[in-house]
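Structure file data-v8.tsv (TSV, C-alpha atoms) is printed below.
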```tsv
chain	number	residue	atom	x	y	z
A	24	MET	CA	104.88	136.03	89.40
A	25	ASN	CA	105.06	136.75	93.11
A	26	LEU	CA	103.75	140.19	94.02
A	27	PHE	CA	104.76	140.23	97.68
A	28	ASN	CA	108.52	139.83	97.57
A	29	ARG	CA	109.27	141.41	94.21
A	30	VAL	CA	112.29	143.76	94.31
A	31	VAL	CA	112.19	146.82	92.07
A	32	PRO	CA	115.74	147.94	91.20
A	33	SER	CA	116.66	151.58	91.63
A	34	ARG	CA	116.68	153.74	88.45
A	35	ARG	CA	119.98	155.33	89.48
A	36	GLN	CA	121.88	152.18	90.25
A	37	ALA	CA	121.99	148.90	88.42
A	38	PRO	CA	121.11	145.87	90.53
A	39	PRO	CA	124.18	144.12	91.91
A	40	VAL	CA	125.40	141.02	90.14
A	41	PRO	CA	125.08	138.00	92.44
A	42	PRO	CA	128.35	136.26	93.22
A	43	GLN	CA	129.08	133.13	91.23
A	44	ARG	CA	128.64	129.88	93.10
A	45	PRO	CA	131.84	127.81	93.08
A	46	ALA	CA	131.69	124.67	90.99
A	47	GLY	CA	130.41	121.75	93.02
A	48	ALA	CA	129.05	123.92	95.86
A	49	PRO	CA	125.47	123.15	96.94
A	50	ALA	CA	122.82	125.57	95.78
A	51	SER	CA	121.22	127.81	98.40
A	52	PRO	CA	117.69	126.77	99.37
A	53	THR	CA	114.99	128.69	97.53
A	54	ALA	CA	112.50	130.42	99.78
A	55	VAL	CA	108.87	129.45	99.30
A	56	LEU	CA	106.90	132.60	98.59
A	57	PRO	CA	103.18	133.12	99.30
A	58	ASP	CA	100.80	132.50	96.43
A	59	PRO	CA	98.96	135.74	95.56
A	60	ASP	CA	95.81	133.73	94.83
A	61	LEU	CA	95.67	132.60	98.48
A	62	VAL	CA	95.89	136.00	100.16
A	63	ASN	CA	92.11	136.46	100.27
A	64	LEU	CA	91.80	133.20	102.21
A	65	THR	CA	93.35	134.65	105.35
A	66	GLY	CA	90.84	134.36	108.20
A	67	GLU	CA	88.82	132.02	110.40
A	68	TRP	CA	87.38	128.74	109.08
A	69	VAL	CA	85.52	125.68	110.40
A	70	VAL	CA	85.48	122.15	109.03
A	71	ASP	CA	82.26	121.25	107.19
A	72	PRO	CA	81.35	117.75	108.50
A	73	ALA	CA	78.98	117.09	105.59
A	74	HIS	CA	81.83	117.31	103.07
A	75	SER	CA	84.87	116.25	105.10
A	76	ARG	CA	86.30	113.03	106.42
A	77	ILE	CA	88.59	112.64	109.42
A	78	GLY	CA	89.64	109.05	109.33
A	79	PHE	CA	92.29	106.41	109.81
A	80	SER	CA	93.52	103.18	108.28
A	81	VAL	CA	95.36	100.29	109.89
A	82	ARG	CA	96.65	96.95	108.68
A	83	HIS	CA	94.61	94.03	109.99
A	84	ALA	CA	95.77	90.41	110.20
A	85	MET	CA	98.77	91.41	108.09
A	86	VAL	CA	96.82	90.97	104.84
A	87	THR	CA	94.14	93.65	104.67
A	88	THR	CA	93.45	97.27	105.68
A	89	VAL	CA	90.62	98.44	107.92
A	90	ARG	CA	89.44	102.01	107.41
A	91	GLY	CA	87.31	104.12	109.70
A	92	CYS	CA	86.46	107.70	110.60
A	93	PHE	CA	85.06	109.91	113.34
A	94	LEU	CA	81.59	111.24	112.63
A	95	GLU	CA	81.46	113.95	115.29
A	96	TYR	CA	84.02	116.66	115.92
A	97	GLU	CA	84.52	120.37	116.57
A	98	SER	CA	87.05	122.63	114.87
A	99	ARG	CA	88.56	126.09	114.85
A	100	LEU	CA	90.95	126.97	112.04
A	101	TYR	CA	92.87	130.09	111.14
A	102	PHE	CA	94.72	130.40	107.83
A	103	ASP	CA	97.23	133.18	107.16
A	104	ALA	CA	98.34	133.15	103.51
A	105	ARG	CA	100.87	135.97	103.86
A	106	ASN	CA	102.54	134.38	106.89
A	107	PRO	CA	101.69	130.65	107.12
A	108	ALA	CA	103.57	130.42	110.42
A	109	ARG	CA	100.66	132.32	112.01
A	110	SER	CA	98.13	129.73	110.86
A	111	ARG	CA	96.68	127.41	113.49
A	112	ALA	CA	94.20	124.60	114.01
A	113	ASP	CA	92.31	123.11	116.93
A	114	LEU	CA	90.35	119.91	116.29
A	115	THR	CA	88.43	117.89	118.88
A	116	LEU	CA	87.08	114.44	117.98
A	117	PHE	CA	84.43	112.59	119.96
A	118	THR	CA	85.79	109.07	120.42
A	119	SER	CA	82.38	107.42	120.71
A	120	SER	CA	81.60	108.49	117.13
A	121	VAL	CA	84.17	106.14	115.56
A	122	ASP	CA	82.73	104.30	112.56
A	123	THR	CA	84.35	101.45	110.60
A	124	GLY	CA	81.15	100.12	109.10
A	125	VAL	CA	81.07	97.07	111.42
A	126	GLU	CA	79.06	97.52	114.62
A	127	GLN	CA	80.89	94.83	116.59
A	128	ARG	CA	84.29	96.26	115.69
A	129	ASP	CA	83.19	99.80	116.56
A	130	ALA	CA	82.04	98.59	119.99
A	131	HIS	CA	85.49	97.08	120.54
A	132	LEU	CA	87.25	100.29	119.48
A	133	VAL	CA	85.30	102.51	121.89
A	134	GLY	CA	85.85	100.03	124.74
A	135	ARG	CA	88.69	99.87	127.25
A	136	ASP	CA	90.95	97.86	124.93
A	137	PHE	CA	91.33	100.85	122.63
A	138	LEU	CA	89.85	104.37	122.91
A	139	ASP	CA	87.99	103.86	126.21
A	140	ALA	CA	85.38	106.44	125.22
A	141	ALA	CA	83.64	106.28	128.61
A	142	ALA	CA	86.76	107.57	130.40
A	143	TYR	CA	88.19	109.61	127.51
A	144	PRO	CA	85.29	111.00	125.45
A	145	ARG	CA	87.51	113.31	123.39
A	146	MET	CA	90.77	113.23	121.51
A	147	ARG	CA	92.34	116.46	120.33
A	148	PHE	CA	94.87	117.93	117.93
A	149	THR	CA	96.23	121.42	118.63
A	150	SER	CA	98.76	122.95	116.27
A	151	THR	CA	102.01	124.43	117.56
A	152	ALA	CA	103.74	125.50	114.32
A	153	VAL	CA	103.11	125.73	110.59
A	154	GLU	CA	105.58	126.02	107.74
A	155	GLN	CA	105.13	126.21	103.99
A	156	ALA	CA	107.11	123.46	102.29
A	157	GLY	CA	106.00	124.01	98.69
A	158	SER	CA	103.57	125.99	96.58
A	159	ASP	CA	100.66	123.84	97.76
A	160	LEU	CA	102.30	121.93	100.62
A	161	TYR	CA	102.34	122.80	104.33
A	162	ARG	CA	103.71	121.05	107.41
A	163	MET	CA	101.67	121.54	110.55
A	164	SER	CA	103.25	120.44	113.82
A	165	GLY	CA	101.05	119.93	116.84
A	166	ASP	CA	100.13	117.96	119.92
A	167	LEU	CA	97.83	114.96	119.53
A	168	THR	CA	96.07	113.90	122.73
A	169	ILE	CA	94.54	110.43	123.03
A	170	LYS	CA	93.52	108.82	126.35
A	171	GLY	CA	95.06	111.75	128.22
A	172	ILE	CA	98.47	111.29	126.57
A	173	SER	CA	99.83	114.18	124.47
A	174	ARG	CA	102.59	113.63	121.94
A	175	PRO	CA	103.89	115.70	119.00
A	176	VAL	CA	102.95	114.82	115.43
A	177	VAL	CA	103.51	116.47	112.05
A	178	LEU	CA	100.72	116.69	109.48
A	179	GLU	CA	101.55	116.94	105.78
A	180	LEU	CA	98.85	119.21	104.34
A	181	THR	CA	98.17	119.69	100.63
A	182	TYR	CA	96.13	122.68	99.50
A	183	ILE	CA	93.42	121.51	97.06
A	184	GLY	CA	91.66	124.74	96.08
A	185	HIS	CA	88.98	127.23	97.03
A	186	VAL	CA	85.58	128.22	95.65
A	187	THR	CA	82.43	130.17	96.47
A	188	ASP	CA	79.51	127.76	96.35
A	189	PRO	CA	76.03	128.55	94.95
A	190	PHE	CA	74.86	129.52	98.45
A	191	GLY	CA	77.57	132.14	98.82
A	192	TYR	CA	79.80	130.23	101.24
A	193	GLU	CA	83.55	130.41	100.74
A	194	ARG	CA	85.11	126.95	100.83
A	195	VAL	CA	88.71	125.78	100.93
A	196	GLY	CA	90.04	122.24	100.68
A	197	PHE	CA	93.07	120.54	102.25
A	198	ASP	CA	94.20	116.92	102.42
A	199	GLY	CA	96.33	115.93	105.40
A	200	THR	CA	98.06	112.80	106.58
A	201	THR	CA	100.42	111.50	109.26
A	202	THR	CA	101.35	108.08	110.62
A	203	ILE	CA	101.52	107.31	114.33
A	204	ASN	CA	102.46	104.35	116.52
A	205	ARG	CA	99.31	103.68	118.53
A	206	SER	CA	101.20	102.25	121.51
A	207	ASP	CA	102.69	105.71	122.12
A	208	TRP	CA	99.18	106.81	123.14
A	209	GLY	CA	98.38	103.81	125.30
A	210	LEU	CA	96.50	101.86	122.61
A	211	THR	CA	98.43	98.71	123.39
A	212	TYR	CA	95.81	95.98	122.94
A	213	ASN	CA	96.85	93.24	120.54
A	214	SER	CA	96.53	89.57	119.84
A	215	ARG	CA	98.92	87.39	117.90
A	216	LEU	CA	98.36	85.32	114.81
A	217	ALA	CA	99.36	81.67	114.59
A	218	GLU	CA	102.07	82.74	112.16
A	219	GLY	CA	103.48	85.06	114.80
A	220	GLY	CA	102.37	88.41	113.39
A	221	ALA	CA	100.12	91.00	115.02
A	222	MET	CA	96.37	90.96	114.45
A	223	VAL	CA	96.36	94.79	114.40
A	224	SER	CA	99.35	96.81	113.19
A	225	GLU	CA	101.05	99.23	115.55
A	226	LYS	CA	101.15	101.84	112.78
A	227	VAL	CA	97.99	103.85	112.16
A	228	ARG	CA	97.67	106.29	109.31
A	229	LEU	CA	95.53	109.36	110.06
A	230	GLN	CA	93.84	110.96	107.06
A	231	LEU	CA	92.09	114.32	106.89
A	232	ASP	CA	90.04	115.25	103.84
A	233	ILE	CA	89.02	118.75	104.83
A	234	ALA	CA	86.46	121.07	103.32
A	235	ALA	CA	86.35	124.21	105.46
A	236	ILE	CA	83.90	127.11	105.39
A	237	ARG	CA	84.84	130.69	106.23
A	238	THR	CA	83.14	131.91	109.38
A	239	ALA	CA	81.54	135.33	109.59
A	240	PRO	CA	83.52	137.96	111.53
A	241	GLY	CA	82.72	137.61	115.22
A	242	ALA	CA	81.15	134.18	114.79
A	243	GLY	CA	81.85	131.51	117.41
```

Is it possible to express this structure as structure tokens?
Amino acid sequence: MNLFNRVVPSRRQAPPVPPQRPAGAPASPTAVLPDPDLVNLTGEWVVDPAHSRIGFSVRHAMVTTVRGCFLEYESRLYFDARNPARSRADLTLFTSSVDTGVEQRDAHLVGRDFLDAAAYPRMRFTSTAVEQAGSDLYRMSGDLTIKGISRPVVLELTYIGHVTDPFGYERVGFDGTTTINRSDWGLTYNSRLAEGGAMVSEKVRLQLDIAAIRTAPGAG
């Protein structure tokens, strides 16, 4: 039961009967209402690096998938359960912290062929709009900046849950994903296989497994 948009009919007048929808006419879209259980989550949060992963995956040599993540980043999050459109996120990743588990590959990724960490030490996502698409689903639009190039992306965010841990910290979890074409951000390096395919796919899937902690009022 939704407690925020419930309409209480007048005692003196019966509620009006809604008009009948003509046969074959499309149904009106149903508004997504805020979950009462989420209202107490409204406020400022930061990503907990010890329990989060901000990563990516990309097809390699057309037959396997390479996965990696960024180990160092800064974040500022605001979640508004009553009005998700007022929610926002600002996430800065340090490009030199990329980690795929292979030292030689990581050195190539931070070099000029890809992220060029010496010239562009940070990449950033800043939200521009948020909409609730389902009871636990949100779409966050924003600008992703890599190598000085900013382009719009849309993150699909799924709300996982919230708890208070044994140390008294409030935690909330979200999973997010989007797919980008790396060439749009100047990551154009590639080599070709003998069979004619690309060694590294143009499509890169970004994956955010977020555990965020509520910040104290006035913190930061």

Surrounding residues of region 101-111 of chain A excluding itself and chain neighbours under 5 positions, 7 Å, only C-alpha atoms, as a ChimeraX atom specification:
/A:57,61-62,64-68,150,152-155

Could you give me, as a PyMOL selection string, the residues within 12 Å of Ala142 (chain A), counting all atoms listed in the file and dropping anything in the same chain fewer than 4 positions from it?
chain A and resi 117-119+133-138+146+169-171

Do you know which residues are at most 12 Å from Thr187 (chain A) counting all atoms listed in the file, after dropping those on the same chain fewer than 2 positions away, and could you put them as an MDAnalysis selection string?
chainID A and resid 64 184:185 189:196 235:237

What does the distance from CA of Asp198 (chain A) to CA of Gly91 (chain A) come to in Å, to one decimal?
16.3 Å

With distances taken over only C-alpha atoms, which of A:Ile203, A:Leu180, A:Leu160, A:Ala112 is nearest to Leu229 (chain A)?
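Looking only at the distances to Leu229 (chain A), the closest residue turns out to be A:Ile203.
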
Interatomic distance (Å, one decimal) between CA of Asp122 (chain A) and CA of Arg145 (chain A)
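Computing it gives 14.9 Å between the two atoms.
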
What would the list of residues within 6 Å of (87.2, 121.0, 108.3) (file frame) look like as a VMD selection string, if all atoms listed in the file are what count?
chain A and resid 69 to 71 233 to 235

Rank A:Gly78, A:Pro72, A:Gly209, A:Pro175 by their smallest atom-to-atom distance to Thr123 (chain A), using all atoms listed in the file, and report the top residue only.
A:Gly78

Would you mind telling me which residue in A:Ala130, A:Val89, A:Leu94, A:Leu114 lies nearest to Gly165 (chain A) when using all atoms listed in the file?
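Of A:Ala130, A:Val89, A:Leu94, A:Leu114, the one nearest Gly165 (chain A) is A:Leu114, counting all atoms listed in the file.
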
Quick one: pull the distance between CA of Ser224 (chain A) and CA of Ser173 (chain A), Å, one decimal.
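According to the coordinates, CA of Ser224 (chain A) and CA of Ser173 (chain A) are separated by 20.7 Å.
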
I need the residue nearest Ala73 (chain A) from this list: A:Phe148, A:Leu167, A:Glu95, A:Leu178. Use only C-alpha atoms for the distance.
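Ranking A:Phe148, A:Leu167, A:Glu95, A:Leu178 by distance to Ala73 (chain A), first place goes to A:Glu95.
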
Residue nearest Val176 (chain A) - candidates A:Thr201, A:Ser158, A:Thr87, A:Ser120, atoms counted: all atoms listed in the file:
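That would be A:Thr201, the residue with the smallest distance to Val176 (chain A).
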
Choose the residue, out of A:Thr181, A:Ser206, A:Ser98, A:Thr115, that has the smallest atom-to-atom separation from Thr238 (chain A); count all atoms listed in the file.
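The answer is A:Ser98, which sits nearest to Thr238 (chain A).
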
Please check which residues have atoms at most 6 Å from (97.7, 106.3, 113.6) in the file's coordinates, counting all atoms listed in the file, and write them as a compact mmCIF listing (two decimals) with C-alpha atoms, in the coordinates of the input.
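The resulting file, result-v7.txt, is reproduced below:
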```
# COMPACT_ATOMS: atom_id res chain seq x y z
CA THR A 202 101.35 108.08 110.62
CA ILE A 203 101.52 107.31 114.33
CA ASN A 204 102.46 104.35 116.52
CA ARG A 205 99.31 103.68 118.53
CA LYS A 226 101.15 101.84 112.78
CA VAL A 227 97.99 103.85 112.16
CA ARG A 228 97.67 106.29 109.31
CA LEU A 229 95.53 109.36 110.06
```
